[in-house]
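K.L.:
As input, take entry_13.csv (CSV, C-alpha atoms):
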```csv
chain,number,residue,atom,x,y,z
A,1,MET,CA,165.1,154.2,70.3
A,2,MET,CA,165.9,153.0,73.8
A,3,THR,CA,163.3,151.9,76.4
A,4,LEU,CA,164.0,151.0,80.0
A,5,VAL,CA,161.5,148.8,81.8
A,6,ILE,CA,161.9,148.4,85.6
A,7,GLY,CA,159.8,146.5,88.0
A,8,GLY,CA,159.8,144.4,91.1
A,9,ALA,CA,159.9,140.6,91.3
A,10,ALA,CA,157.1,139.0,89.3
A,11,SER,CA,155.6,142.4,88.4
A,12,GLY,CA,155.1,141.4,84.7
A,13,LYS,CA,158.0,143.5,83.4
A,14,SER,CA,159.2,140.8,81.0
A,15,GLU,CA,155.8,140.4,79.4
A,16,PHE,CA,155.4,144.2,79.1
A,17,ALA,CA,158.9,144.4,77.5
A,18,GLU,CA,158.2,141.7,75.0
A,19,THR,CA,154.9,143.4,74.0
A,20,ARG,CA,156.9,146.7,73.5
A,21,VAL,CA,159.3,144.8,71.2
A,22,LEU,CA,156.4,143.3,69.2
A,23,GLU,CA,154.7,146.7,68.9
A,24,SER,CA,157.9,148.3,67.6
A,25,GLY,CA,157.5,146.0,64.6
A,26,GLU,CA,161.1,146.2,63.5
A,27,GLY,CA,162.5,142.8,63.1
A,28,PRO,CA,164.5,140.7,63.4
A,29,ARG,CA,164.0,140.3,67.1
A,30,TYR,CA,166.9,139.4,69.4
A,31,TYR,CA,166.8,138.4,73.0
A,32,VAL,CA,170.0,139.0,75.0
A,33,ALA,CA,169.8,136.7,78.0
A,34,THR,CA,172.1,137.6,80.9
A,35,MET,CA,171.1,135.0,83.5
A,36,GLN,CA,173.8,132.4,84.2
A,37,PRO,CA,171.9,129.2,85.0
A,38,PHE,CA,173.4,128.2,88.4
A,39,ASP,CA,170.7,125.8,89.5
A,40,LYS,CA,167.3,124.2,88.9
A,41,GLU,CA,165.4,127.4,89.9
A,42,CYS,CA,167.3,129.4,87.2
A,43,LEU,CA,166.7,126.7,84.6
A,44,ALA,CA,162.9,126.6,85.5
A,45,ARG,CA,162.8,130.4,85.1
A,46,ILE,CA,164.7,130.3,81.8
A,47,HIS,CA,162.3,127.6,80.6
A,48,ARG,CA,159.2,129.7,81.5
A,49,HIS,CA,160.7,132.8,79.7
A,50,ARG,CA,161.7,130.7,76.6
A,51,GLN,CA,158.1,129.4,76.4
A,52,MET,CA,156.7,133.0,76.6
A,53,ARG,CA,159.0,134.0,73.8
A,54,GLU,CA,158.6,131.0,71.5
A,55,LYS,CA,155.7,132.3,69.5
A,56,LYS,CA,157.1,135.8,69.4
A,57,GLN,CA,160.1,134.7,67.3
A,58,PHE,CA,163.0,135.9,69.2
A,59,GLN,CA,166.5,134.7,68.5
A,60,THR,CA,168.2,134.2,71.8
A,61,ILE,CA,171.8,135.3,72.4
A,62,GLU,CA,173.4,134.3,75.7
A,63,CYS,CA,175.6,137.0,77.2
A,64,TYR,CA,176.5,136.8,80.9
A,65,VAL,CA,179.3,139.3,80.8
A,66,ASN,CA,180.9,141.8,78.3
A,67,LEU,CA,178.1,143.0,76.1
A,68,SER,CA,180.7,144.6,73.9
A,69,SER,CA,181.5,141.1,72.5
A,70,VAL,CA,177.9,140.7,71.1
A,71,THR,CA,177.6,140.9,67.3
A,72,LEU,CA,174.1,141.1,65.9
A,73,PRO,CA,173.6,139.7,62.4
A,74,GLU,CA,171.1,142.3,61.4
A,75,LYS,CA,169.7,145.7,62.5
A,76,GLY,CA,166.5,144.9,64.4
A,77,THR,CA,165.0,145.1,67.9
A,78,VAL,CA,166.9,143.8,70.9
A,79,LEU,CA,165.4,142.9,74.3
A,80,LEU,CA,168.0,142.7,77.0
A,81,GLU,CA,167.0,140.9,80.2
A,82,CYS,CA,167.9,141.4,82.9
A,83,MET,CA,170.2,144.2,83.9
A,84,SER,CA,170.2,143.0,87.5
A,85,ASN,CA,171.9,139.7,86.5
A,86,LEU,CA,174.3,141.4,84.2
A,87,VAL,CA,175.4,143.8,87.0
A,88,ALA,CA,176.0,140.9,89.4
A,89,ASN,CA,177.9,138.9,86.7
A,90,GLU,CA,180.1,141.9,85.8
A,91,MET,CA,180.8,142.6,89.5
A,92,TYR,CA,181.3,139.1,90.9
A,93,SER,CA,182.0,136.6,88.0
A,94,PRO,CA,185.6,135.8,87.4
A,95,GLU,CA,185.2,136.8,83.8
A,96,GLY,CA,183.4,140.1,84.8
A,97,ALA,CA,184.7,143.6,84.7
A,98,GLY,CA,184.8,143.8,88.5
A,99,ALA,CA,185.4,147.4,89.7
A,100,ASN,CA,184.8,148.6,86.1
A,101,ALA,CA,181.3,147.1,85.9
A,102,ILE,CA,179.5,150.3,85.3
A,103,GLU,CA,181.7,151.5,82.5
A,104,ALA,CA,181.7,148.0,80.9
A,105,ILE,CA,178.0,147.8,80.9
A,106,LEU,CA,177.4,151.3,79.6
A,107,GLN,CA,179.9,150.8,76.8
A,108,GLY,CA,178.3,147.5,76.0
A,109,ILE,CA,174.9,149.2,75.8
A,110,ASP,CA,176.3,151.8,73.4
A,111,HIS,CA,177.8,148.9,71.4
A,112,LEU,CA,174.3,147.2,71.2
A,113,ARG,CA,172.5,150.4,70.3
A,114,ALA,CA,174.8,151.0,67.4
A,115,GLN,CA,173.8,147.6,66.0
A,116,CYS,CA,170.0,147.8,66.3
A,117,LYS,CA,167.0,150.1,65.7
A,118,ASN,CA,165.3,149.5,69.0
A,119,LEU,CA,166.7,148.4,72.4
A,120,VAL,CA,164.5,147.5,75.2
A,121,ILE,CA,166.2,146.9,78.6
A,122,VAL,CA,164.6,145.1,81.5
A,123,SER,CA,165.9,145.9,85.0
A,124,ASN,CA,164.9,145.2,88.5
A,125,GLU,CA,163.5,147.5,91.2
A,126,VAL,CA,165.1,146.2,94.4
A,127,PHE,CA,165.5,149.5,96.3
A,128,SER,CA,162.4,149.9,98.4
A,129,GLY,CA,163.0,147.3,101.0
A,130,GLY,CA,164.9,149.3,103.6
A,131,THR,CA,168.4,150.5,104.0
A,132,ALA,CA,169.9,147.9,106.2
A,133,TYR,CA,172.4,146.6,103.7
A,134,GLN,CA,176.1,146.0,104.1
A,135,GLY,CA,179.2,144.9,102.2
A,136,ASP,CA,178.7,143.3,98.8
A,137,THR,CA,174.9,143.7,98.9
A,138,LEU,CA,175.3,147.4,99.5
A,139,SER,CA,177.8,147.9,96.7
A,140,TYR,CA,175.7,145.8,94.4
A,141,LEU,CA,172.6,147.9,95.0
A,142,LYS,CA,174.6,151.1,94.5
A,143,THR,CA,176.1,149.8,91.3
A,144,LEU,CA,172.7,148.6,89.9
A,145,ALA,CA,171.1,152.0,90.9
A,146,LEU,CA,173.8,154.0,89.1
A,147,VAL,CA,173.4,151.8,86.0
A,148,ASN,CA,169.6,152.1,86.1
A,149,ARG,CA,169.9,155.9,86.5
A,150,ALA,CA,172.4,156.2,83.6
A,151,LEU,CA,170.2,154.2,81.4
A,152,ALA,CA,167.1,156.1,82.4
A,153,ALA,CA,168.9,159.4,81.5
A,154,GLU,CA,169.8,158.0,78.1
A,155,ALA,CA,166.5,156.2,77.4
A,156,ASP,CA,163.7,157.7,75.3
A,157,GLU,CA,161.1,155.9,77.4
A,158,VAL,CA,161.2,154.7,81.0
A,159,TYR,CA,158.4,152.5,82.5
A,160,GLU,CA,158.0,151.2,86.0
A,161,ILE,CA,155.8,148.1,86.0
A,162,VAL,CA,153.4,147.8,89.0
A,163,CYS,CA,151.3,144.6,89.1
A,164,SER,CA,151.5,144.3,85.3
A,165,LEU,CA,150.5,147.9,84.7
A,166,PRO,CA,153.0,150.4,83.3
A,167,VAL,CA,153.7,153.7,85.0
A,168,CYS,CA,155.5,155.9,82.4
A,169,HIS,CA,158.2,158.1,84.0
A,170,LYS,CA,159.6,159.3,80.7
A,171,GLY,CA,158.5,159.3,77.1
A,172,LYS,CA,155.3,160.0,75.2
A,173,GLU,CA,152.9,158.9,77.8
A,174,ALA,CA,154.7,160.6,80.7
A,175,THR,CA,152.9,163.4,82.4
A,176,LEU,CA,156.1,165.3,83.3
B,1,MET,CA,159.4,172.9,102.4
B,2,VAL,CA,160.0,170.4,99.6
B,3,PHE,CA,159.7,166.8,100.7
B,4,ILE,CA,161.6,164.4,98.4
B,5,THR,CA,161.2,160.6,98.7
B,6,GLY,CA,162.0,157.6,96.6
B,7,PRO,CA,163.8,154.3,96.7
B,8,LEU,CA,167.4,153.8,97.9
B,9,PHE,CA,170.0,155.4,95.6
B,10,SER,CA,167.4,156.8,93.2
B,11,GLY,CA,169.1,160.2,92.9
B,12,LYS,CA,167.1,162.2,95.4
B,13,LYS,CA,170.0,164.5,96.5
B,14,GLU,CA,171.0,165.1,92.9
B,15,TYR,CA,167.5,166.0,92.1
B,16,ALA,CA,167.3,168.4,95.1
B,17,LYS,CA,170.5,170.2,93.9
B,18,ALA,CA,169.1,170.5,90.4
B,19,LEU,CA,165.7,171.7,91.7
B,20,MET,CA,167.1,174.3,94.0
B,21,HIS,CA,170.1,175.3,91.9
B,22,TRP,CA,172.4,174.3,94.8
B,23,ASN,CA,175.9,173.1,95.0
B,24,GLU,CA,177.0,170.4,97.5
B,25,GLN,CA,177.6,172.9,100.3
B,26,GLU,CA,174.2,174.5,99.9
B,27,LEU,CA,172.6,171.1,100.0
B,28,GLU,CA,174.3,170.3,103.2
B,29,THR,CA,173.2,173.7,104.7
B,30,TYR,CA,169.6,173.9,103.6
B,31,ALA,CA,168.6,170.2,103.3
B,32,ILE,CA,168.5,167.2,105.5
B,33,TRP,CA,168.4,163.6,104.3
B,34,ASP,CA,168.0,160.1,105.6
B,35,VAL,CA,165.3,161.4,107.9
B,36,GLN,CA,163.8,157.9,108.1
B,37,LYS,CA,166.7,157.2,110.5
B,38,LEU,CA,165.5,160.0,112.8
B,39,ALA,CA,162.1,158.4,113.1
B,40,ALA,CA,163.5,155.3,114.7
B,41,GLY,CA,162.8,155.4,118.4
B,42,CYS,CA,161.3,158.9,118.2
B,43,GLN,CA,158.5,159.4,120.8
B,44,ASP,CA,156.9,162.4,119.1
B,45,LEU,CA,156.8,162.1,115.3
B,46,PRO,CA,154.6,165.2,114.7
B,47,ALA,CA,157.1,167.3,116.7
B,48,LEU,CA,159.9,165.8,114.7
B,49,ALA,CA,158.1,166.5,111.4
B,50,GLN,CA,157.4,170.1,112.5
B,51,LYS,CA,161.1,170.6,113.3
B,52,LEU,CA,162.2,169.1,110.0
B,53,ALA,CA,159.8,171.3,108.1
B,54,SER,CA,162.0,174.3,108.9
B,55,TYR,CA,164.5,172.9,106.3
B,56,GLN,CA,164.0,174.0,102.7
B,57,VAL,CA,164.3,170.4,101.6
B,58,VAL,CA,163.7,167.2,103.5
B,59,ILE,CA,164.7,163.8,102.0
B,60,ALA,CA,163.7,160.4,103.1
B,61,VAL,CA,164.3,156.9,101.6
B,62,GLU,CA,161.2,154.8,101.0
B,63,VAL,CA,161.7,151.8,103.2
B,64,GLY,CA,158.3,150.2,103.4
B,65,GLY,CA,158.4,148.1,100.2
B,66,GLY,CA,160.0,144.9,101.5
B,67,VAL,CA,158.8,142.0,103.5
B,68,VAL,CA,157.7,142.9,107.1
B,69,PRO,CA,160.8,142.5,109.2
B,70,THR,CA,160.7,139.7,111.7
B,71,ASP,CA,162.8,141.8,114.2
B,72,PRO,CA,160.4,143.9,116.3
B,73,THR,CA,162.8,146.9,116.5
B,74,GLU,CA,163.3,146.9,112.7
B,75,ARG,CA,159.5,146.6,112.3
B,76,ALA,CA,158.9,149.6,114.6
B,77,GLN,CA,161.5,151.6,112.8
B,78,ARG,CA,160.0,151.0,109.4
B,79,GLU,CA,156.6,151.8,110.8
B,80,ALA,CA,157.9,155.1,112.2
B,81,ALA,CA,159.6,156.0,109.0
B,82,GLY,CA,156.4,155.6,107.0
B,83,ARG,CA,154.4,157.7,109.5
B,84,LEU,CA,157.0,160.4,109.5
B,85,ALA,CA,157.0,160.5,105.7
B,86,CYS,CA,153.2,161.0,105.8
B,87,LEU,CA,153.5,163.8,108.3
B,88,LEU,CA,156.2,165.5,106.2
B,89,ALA,CA,154.2,165.2,103.1
B,90,GLN,CA,151.3,166.9,104.8
B,91,ARG,CA,153.5,169.8,105.9
B,92,ALA,CA,155.3,170.1,102.5
B,93,ASP,CA,154.4,172.6,99.9
B,94,LYS,CA,155.7,170.2,97.3
B,95,VAL,CA,156.3,166.5,97.4
B,96,VAL,CA,158.4,164.8,94.8
B,97,ARG,CA,159.2,161.1,94.3
B,98,VAL,CA,162.4,160.4,92.5
B,99,PHE,CA,162.4,157.0,90.7
B,100,CYS,CA,165.5,156.0,88.8
B,101,GLY,CA,166.7,159.6,88.7
B,102,ILE,CA,163.3,160.8,87.3
B,103,PRO,CA,161.1,163.1,89.4
B,104,THR,CA,157.3,162.7,89.7
B,105,VAL,CA,155.5,165.6,91.5
B,106,LEU,CA,153.0,164.1,93.9
B,107,LYS,CA,151.9,167.4,95.5
B,108,GLY,CA,152.3,171.0,94.5
B,109,GLU,CA,153.1,172.6,91.3
B,110,GLU,CA,155.1,170.8,88.6
B,111,PRO,CA,158.4,172.4,87.7
B,112,VAL,CA,158.3,174.8,84.7
```
Please lay out the structure from this file as structure tokens.
P.N.:
Amino acid sequence: MMTLVIGGAASGKSEFAETRVLESGEGPRYYVATMQPFDKECLARIHRHRQMREKKQFQTIECYVNLSSVTLPEKGTVLLECMSNLVANEMYSPEGAGANAIEAILQGIDHLRAQCKNLVIVSNEVFSGGTAYQGDTLSYLKTLALVNRALAAEADEVYEIVCSLPVCHKGKEATL
Amino acid sequence: MVFITGPLFSGKKEYAKALMHWNEQELETYAIWDVQKLAAGCQDLPALAQKLASYQVVIAVEVGGGVVPTDPTERAQREAAGRLACLLAQRADKVVRVFCGIPTVLKGEEPV
């Protein structure tokens, strides 16, 4: 079972994703954290998310690049957050896959899926603020969009989170 | 006319091809996309919408979701793009929003 959760900044997508993980009931719970802490703001965000997860009994696995290197001790439920960070890391980090970012990520996702019962992926909706992008930003947006679409095509359920409310685009609650 | 909208790179043209059973060449012949760009500086949006409605498929990128641009020209362009999208939706038999490759029918019959 694979679920894709997409939303804008501060839309409540993490909380929704965590609730989905808890509802799935299939432990143990793993949290694959993709954000590389570059500065204080990152650390504050990580701290806030860690507090949110504390009572929910997640085991955190840090993975900034190369999901294929992750080994999960047991078959449980995985929450991966956030795809937007992972794409940036794969594209621009010296250790990243660079031009092969999409393939590396999709292979990594297959690798995770093979090791768990449920996979919930959080990604970011950053595509509605105009088209005036150039260079690295444009190629980043294209890459993230292609990853999101490939994941959506594979996923059993796809939710867009709008001010903390889920809009189901695919899956049991979808109207289409 | 089918009006297809959605965020940037959401798979709108791919969806149009699938919906209409078109190849790339048919898409280029019977559809027009990035029409939000045509709205920029247009003096008569209803006339533009009317002209565009003669295509089988009209595609626009949703561009109104970000912060209001500080530049007056960009602000006017974004405003025009939104207005044009509304005019196209009114004229369309079917309106579809493609999000992350997945279509949601906003107007008209759902695909069988």
K.L.:
Separation of CA of Met91 in chain A and CA of Leu119 in chain A, in Å?
P.N.:
22.9 Å
K.L.:
Pull out every residue of chain B that has at least one atom within 9 Å of chain A, counting only C-alpha atoms, and report them as a PyMOL selection string.
P.N.:
chain B and resi 6-11+61-67+78+99-105+110-111
K.L.:
Using C-alpha atoms, can you write the selected residues to a file as a PDB file, in the frame of the given file?
P.N.:
```
ATOM      1  CA  GLY B   6     162.000 157.600  96.600  1.00  0.00           C
ATOM      2  CA  PRO B   7     163.800 154.300  96.700  1.00  0.00           C
ATOM      3  CA  LEU B   8     167.400 153.800  97.900  1.00  0.00           C
ATOM      4  CA  PHE B   9     170.000 155.400  95.600  1.00  0.00           C
ATOM      5  CA  SER B  10     167.400 156.800  93.200  1.00  0.00           C
ATOM      6  CA  GLY B  11     169.100 160.200  92.900  1.00  0.00           C
ATOM      7  CA  VAL B  61     164.300 156.900 101.600  1.00  0.00           C
ATOM      8  CA  GLU B  62     161.200 154.800 101.000  1.00  0.00           C
ATOM      9  CA  VAL B  63     161.700 151.800 103.200  1.00  0.00           C
ATOM     10  CA  GLY B  64     158.300 150.200 103.400  1.00  0.00           C
ATOM     11  CA  GLY B  65     158.400 148.100 100.200  1.00  0.00           C
ATOM     12  CA  GLY B  66     160.000 144.900 101.500  1.00  0.00           C
ATOM     13  CA  VAL B  67     158.800 142.000 103.500  1.00  0.00           C
ATOM     14  CA  ARG B  78     160.000 151.000 109.400  1.00  0.00           C
ATOM     15  CA  PHE B  99     162.400 157.000  90.700  1.00  0.00           C
ATOM     16  CA  CYS B 100     165.500 156.000  88.800  1.00  0.00           C
ATOM     17  CA  GLY B 101     166.700 159.600  88.700  1.00  0.00           C
ATOM     18  CA  ILE B 102     163.300 160.800  87.300  1.00  0.00           C
ATOM     19  CA  PRO B 103     161.100 163.100  89.400  1.00  0.00           C
ATOM     20  CA  THR B 104     157.300 162.700  89.700  1.00  0.00           C
ATOM     21  CA  VAL B 105     155.500 165.600  91.500  1.00  0.00           C
ATOM     22  CA  GLU B 110     155.100 170.800  88.600  1.00  0.00           C
ATOM     23  CA  PRO B 111     158.400 172.400  87.700  1.00  0.00           C
TER      24      PRO B 111
END
```
K.L.:
Report, in Å with one decimal, the straight-line distance from CA of Lys13 in chain B to CA of Val96 in chain B.
P.N.:
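That distance, rounded to one decimal, is 11.7 Å.
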K.L.:
Which residue, B:Thr73, B:Gln56, B:Thr5, B:Gln90, has the smallest gap to Val35 in chain B when you use all atoms listed in the file?
P.N.:
B:Thr5
K.L.:
Which of these, B:Asp71, B:Asp93, B:Asp44, B:Glu24, has the shortest distance to Val58 in chain B once you count only C-alpha atoms?
P.N.:
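The answer is B:Asp93, which sits nearest to Val58 in chain B.
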K.L.:
Could you please determine the separation between CA of Ala155 in chain A and CA of Val167 in chain A in Å, to one decimal place?
P.N.:
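Those two atoms sit 15.1 Å apart.
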K.L.:
Have a look at A:Leu165, A:Cys63, A:Leu86, A:Val70 and name the one nearest to Val122 in chain A; count all atoms listed in the file.
P.N.:
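Ranked by minimum distance to Val122 in chain A, first place goes to A:Leu86.
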K.L.:
Could you check the closest approach to Ala97 in chain A for each of A:Phe16, A:Tyr30, A:Tyr133, A:Tyr64 and tell me which residue wins, using only C-alpha atoms?
P.N.:
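Among A:Phe16, A:Tyr30, A:Tyr133, A:Tyr64, it is A:Tyr64 that comes nearest to Ala97 in chain A.
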K.L.:
From the options A:Val32, A:Val65, A:Cys42, A:Ala10, which residue's atoms come nearest to Glu81 in chain A, counting all atoms listed in the file?
P.N.:
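For Glu81 in chain A, the nearest of the given residues is A:Val32.
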K.L.:
Could you check the closest approach to Ile4 in chain B for each of B:Glu109, B:Glu79, B:Glu74, B:Asp34 and tell me which residue wins, using only C-alpha atoms?
P.N.:
B:Asp34
K.L.:
Quick one: residues within 10 Å of Leu88 in chain B, all atoms listed in the file, excluding same-chain residues fewer than 6 positions away - as a list in words?
P.N.:
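So the residues in contact are Met1, Val2, Phe3, Ile4, Leu45, Pro46, Leu48, Ala49, Gln50, Leu52, Ala53, Val58, Ile59, Ala60, Gly82 and Val95 of chain B.
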K.L.:
Residues at most 8 Å from Val87 in chain A, counting only C-alpha atoms, excluding those fewer than 3 positions away in the same chain, as a ChimeraX atom specification?
P.N.:
/A:83-84,90-91,101-102,105,140,143-144
K.L.:
Grab the residues selected above and save them as a PDB file, in the coordinates of the input with C-alpha atoms.
P.N.:
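Generated file (again_38.pdb):
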```pdb
ATOM      1  CA  MET A  83     170.200 144.200  83.900  1.00  0.00           C
ATOM      2  CA  SER A  84     170.200 143.000  87.500  1.00  0.00           C
ATOM      3  CA  GLU A  90     180.100 141.900  85.800  1.00  0.00           C
ATOM      4  CA  MET A  91     180.800 142.600  89.500  1.00  0.00           C
ATOM      5  CA  ALA A 101     181.300 147.100  85.900  1.00  0.00           C
ATOM      6  CA  ILE A 102     179.500 150.300  85.300  1.00  0.00           C
ATOM      7  CA  ILE A 105     178.000 147.800  80.900  1.00  0.00           C
ATOM      8  CA  TYR A 140     175.700 145.800  94.400  1.00  0.00           C
ATOM      9  CA  THR A 143     176.100 149.800  91.300  1.00  0.00           C
ATOM     10  CA  LEU A 144     172.700 148.600  89.900  1.00  0.00           C
TER      11      LEU A 144
END
```
